[in-house]
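Notes for the one structure printed next.
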Amino acid sequence: MNALSVLRRLSAGLRDVVLPSTPEQQESIRSAVRAAEAYSYHFESVNKTPDLYQPETLVRIRSGQDVTTRAYIQGRRDLAQARRAIERAFENVDVLVTPTITAPPPNTAEMNKDLESSTRLNGINIHNTSPFNVWGIPTISVPCGFTRKAMPIGLQISGPNGSEAVVLQLAQAYEQATDWHTRAPEVKA
């Protein structure tokens with residue numbers, strides 16, 4: 001809320017916007033398009049030097065070999081539809097502002113507990129960033145505070161295609177109006 005009050009002073013105003021993508025579209029794009037394209041990109045290296053990949057990464061990349069042509073084509077259709085829909089979200093606003101992640105980031109000890117736990121935590125944390133990656137629009141995250149446990153909080157600023165300058169200008173204006181980018185949390189030994 002503090003970050004929004006700063007942005008209110010720096011901009012022509014704030015308004016709520018409903019983002020267009022559905023979880024089903026995002027899943028189709030993630031599971032088919034991303035997997036198939038990652039596998040295609042890494043195909044030669046995965047087959048010649050699989051030992052150079054971390055085991056979890058290798059499993060994720062190899063999952064793309066099982067994507068059917070039908071699933072890939074449907075995923076590409078969903079991707080095109082999602083990208084058209086996000087452009088409509090900018091009909092009455094210049095940028096979108098969201099939290100970078102939906103929950104405080106885990107600390108190193110929490111991430112290292114076990115693979116299942118860290119995967120679950122990562123899934124929570126990419127909820128806000130993943131759609132913007134899928135939509136392919138310019139997005140930046142800037143520091144806007146710390147949690148009570150001294151973990152960083154980010155403010156994500158996104159704009160329509162071709163608006164990199166506007167996104168960067170607002171990010172810079174926010175950083176000039178605040179000092180979060182100069183602070184570091186107190187590290188406890």
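Convention: chains lettered A, B, ... in structure tokens order; per-chain residue numbering from 1; ligands numbered from 1 as shown.
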**Report entry** Residue set, range 38-106 of chain A restricted to strand (DSSP E or B), as a list in words
**Finding:**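 Those in range 38-106 of chain A that DSSP calls strand (DSSP E or B) are Leu96, Val97, Thr98 and Pro99 of chain A.
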Could you please take those selected residues and save C-alpha atoms as a short mmCIF file (atom, residue, chain, number, x, y, z; two decimals), in the first residue's frame?
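What follows is the written file part_23.cif:
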```cif
data_model
loop_
_atom_site.label_atom_id
_atom_site.label_comp_id
_atom_site.auth_asym_id
_atom_site.auth_seq_id
_atom_site.Cartn_x
_atom_site.Cartn_y
_atom_site.Cartn_z
CA LEU A 96 0.13 -2.62 -14.65
CA VAL A 97 1.52 -2.76 -11.12
CA THR A 98 1.46 -5.99 -9.12
CA PRO A 99 3.43 -7.56 -6.31
#
```
Report task. Please return as a ChimeraX atom specification: the residues of range 43-180 of chain A that backbone DSSP assigns to helix (DSSP H, G or I). Result -> /A:43-48,50-52,55-66,69-88,108-111,115-125,129-135,164-177,180
Query - Residues within 8 Å of Leu79 in chain A, only C-alpha atoms, excluding chain neighbours under 2 positions, as a list in words - result: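 The residues that qualify are Gln25, Ile29, Gly75, Arg76, Arg77, Gln81, Ala82, Arg83, Val134 and Trp135 of chain A.
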Report summary line: Counting only C-alpha atoms, closest pick from A:Ala171, A:Val46, A:Ala165, A:Val95 relative to Pro143 in chain A is A:Ala171
Query - Residue neighbourhood Ile153 in chain A, 6 Å, only C-alpha atoms, exclusion window fewer than 4 positions, as JSON, numbers by chain - result: {"A": [144, 145, 146]}
Skip Ala38 in chain A itself and residues of its chain fewer than 4 positions away, then list as a compact mmCIF listing (two decimals) with all heavy atoms, in the first residue's frame all residues within 9 Å of it, counting only C-alpha atoms.
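Heads up, here's the output in out15.txt:
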```
# COMPACT_ATOMS: atom_id res chain seq x y z
N VAL A 33 3.93 -25.72 -24.70
CA VAL A 33 4.80 -24.86 -25.49
C VAL A 33 6.19 -24.74 -24.88
O VAL A 33 7.20 -25.00 -25.53
CB VAL A 33 4.16 -23.46 -25.68
CG1 VAL A 33 5.11 -22.52 -26.41
CG2 VAL A 33 2.85 -23.59 -26.43
N ARG A 34 6.24 -24.36 -23.61
CA ARG A 34 7.53 -24.18 -22.96
C ARG A 34 8.33 -25.48 -22.93
O ARG A 34 9.52 -25.49 -23.22
CB ARG A 34 7.34 -23.67 -21.53
CG ARG A 34 8.11 -22.40 -21.27
CD ARG A 34 8.04 -22.03 -19.82
NE ARG A 34 6.99 -21.06 -19.60
CZ ARG A 34 6.70 -20.56 -18.42
NH1 ARG A 34 7.34 -20.93 -17.36
NH2 ARG A 34 5.75 -19.67 -18.30
N HIS A 42 17.40 -27.63 -26.35
CA HIS A 42 18.47 -28.36 -25.65
C HIS A 42 18.69 -29.77 -26.19
O HIS A 42 19.55 -30.49 -25.67
CB HIS A 42 18.14 -28.46 -24.15
CG HIS A 42 18.23 -27.16 -23.44
ND1 HIS A 42 19.41 -26.68 -22.93
CD2 HIS A 42 17.28 -26.23 -23.16
CE1 HIS A 42 19.19 -25.51 -22.36
NE2 HIS A 42 17.91 -25.21 -22.48
N PHE A 43 17.97 -30.18 -27.22
CA PHE A 43 17.99 -31.56 -27.71
C PHE A 43 19.40 -32.13 -27.87
O PHE A 43 19.73 -33.18 -27.33
CB PHE A 43 17.23 -31.65 -29.04
CG PHE A 43 17.25 -33.02 -29.64
CD1 PHE A 43 16.38 -34.00 -29.19
CD2 PHE A 43 18.15 -33.34 -30.66
CE1 PHE A 43 16.40 -35.27 -29.74
CE2 PHE A 43 18.18 -34.60 -31.21
CZ PHE A 43 17.30 -35.58 -30.76
N ARG A 60 12.97 -31.80 -16.28
CA ARG A 60 12.05 -30.80 -16.85
C ARG A 60 12.26 -30.66 -18.36
O ARG A 60 11.29 -30.58 -19.11
CB ARG A 60 12.25 -29.46 -16.17
CG ARG A 60 11.69 -29.42 -14.78
CD ARG A 60 11.82 -28.06 -14.16
NE ARG A 60 11.33 -28.10 -12.80
CZ ARG A 60 11.16 -27.05 -12.06
NH1 ARG A 60 11.44 -25.85 -12.54
NH2 ARG A 60 10.72 -27.15 -10.82
N ILE A 61 13.49 -30.61 -18.80
CA ILE A 61 13.76 -30.47 -20.23
C ILE A 61 13.27 -31.70 -20.99
O ILE A 61 12.61 -31.59 -22.02
CB ILE A 61 15.26 -30.22 -20.49
CG1 ILE A 61 15.63 -28.83 -20.00
CG2 ILE A 61 15.59 -30.38 -21.97
CD1 ILE A 61 17.11 -28.54 -20.02
N ARG A 62 13.54 -32.87 -20.47
CA ARG A 62 13.13 -34.11 -21.15
C ARG A 62 11.62 -34.28 -21.19
O ARG A 62 11.11 -35.02 -22.02
CB ARG A 62 13.80 -35.31 -20.50
CG ARG A 62 15.27 -35.43 -20.90
CD ARG A 62 15.88 -36.70 -20.39
NE ARG A 62 17.21 -36.89 -20.96
CZ ARG A 62 18.14 -37.61 -20.39
NH1 ARG A 62 17.92 -38.22 -19.23
NH2 ARG A 62 19.31 -37.74 -20.97
N GLY A 64 9.62 -32.36 -22.35
CA GLY A 64 9.18 -31.82 -23.63
C GLY A 64 9.16 -32.83 -24.76
O GLY A 64 8.45 -32.63 -25.75
```
Query - Straight-line distance linking CA of Ala36 in chain A with CA of Val67 in chain A, stated in Å to one decimal - result: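 Spanning CA of Ala36 in chain A to CA of Val67 in chain A is a straight-line distance of 6.1 Å.
Taking CA of Gln156 in chain A and CA of Arg88 in chain A as the two end points, the separation is 18.9 Å.
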Report task. Compare A:Ser5, A:Thr129, A:Gln74, A:Thr100 by their minimum atom-to-atom distance to Ser28 in chain A, counting only C-alpha atoms, and give me the closest one. Result -> A:Gln74
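Distance check against Ser31 in chain A using only C-alpha atoms: of A:Thr182, A:Ser63, A:Asn161, A:Ser141, the minimum falls on A:Ser63.
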Query - Which residue of A:Pro131, A:Gly154, A:Pro104, A:Pro138 approaches Tyr174 in chain A most closely, using only C-alpha atoms - result: A:Gly154
Report task. Tell me, in Å to one decimal, how far CA of Val142 in chain A is from CA of Leu155 in chain A. Result -> 5.3 Å
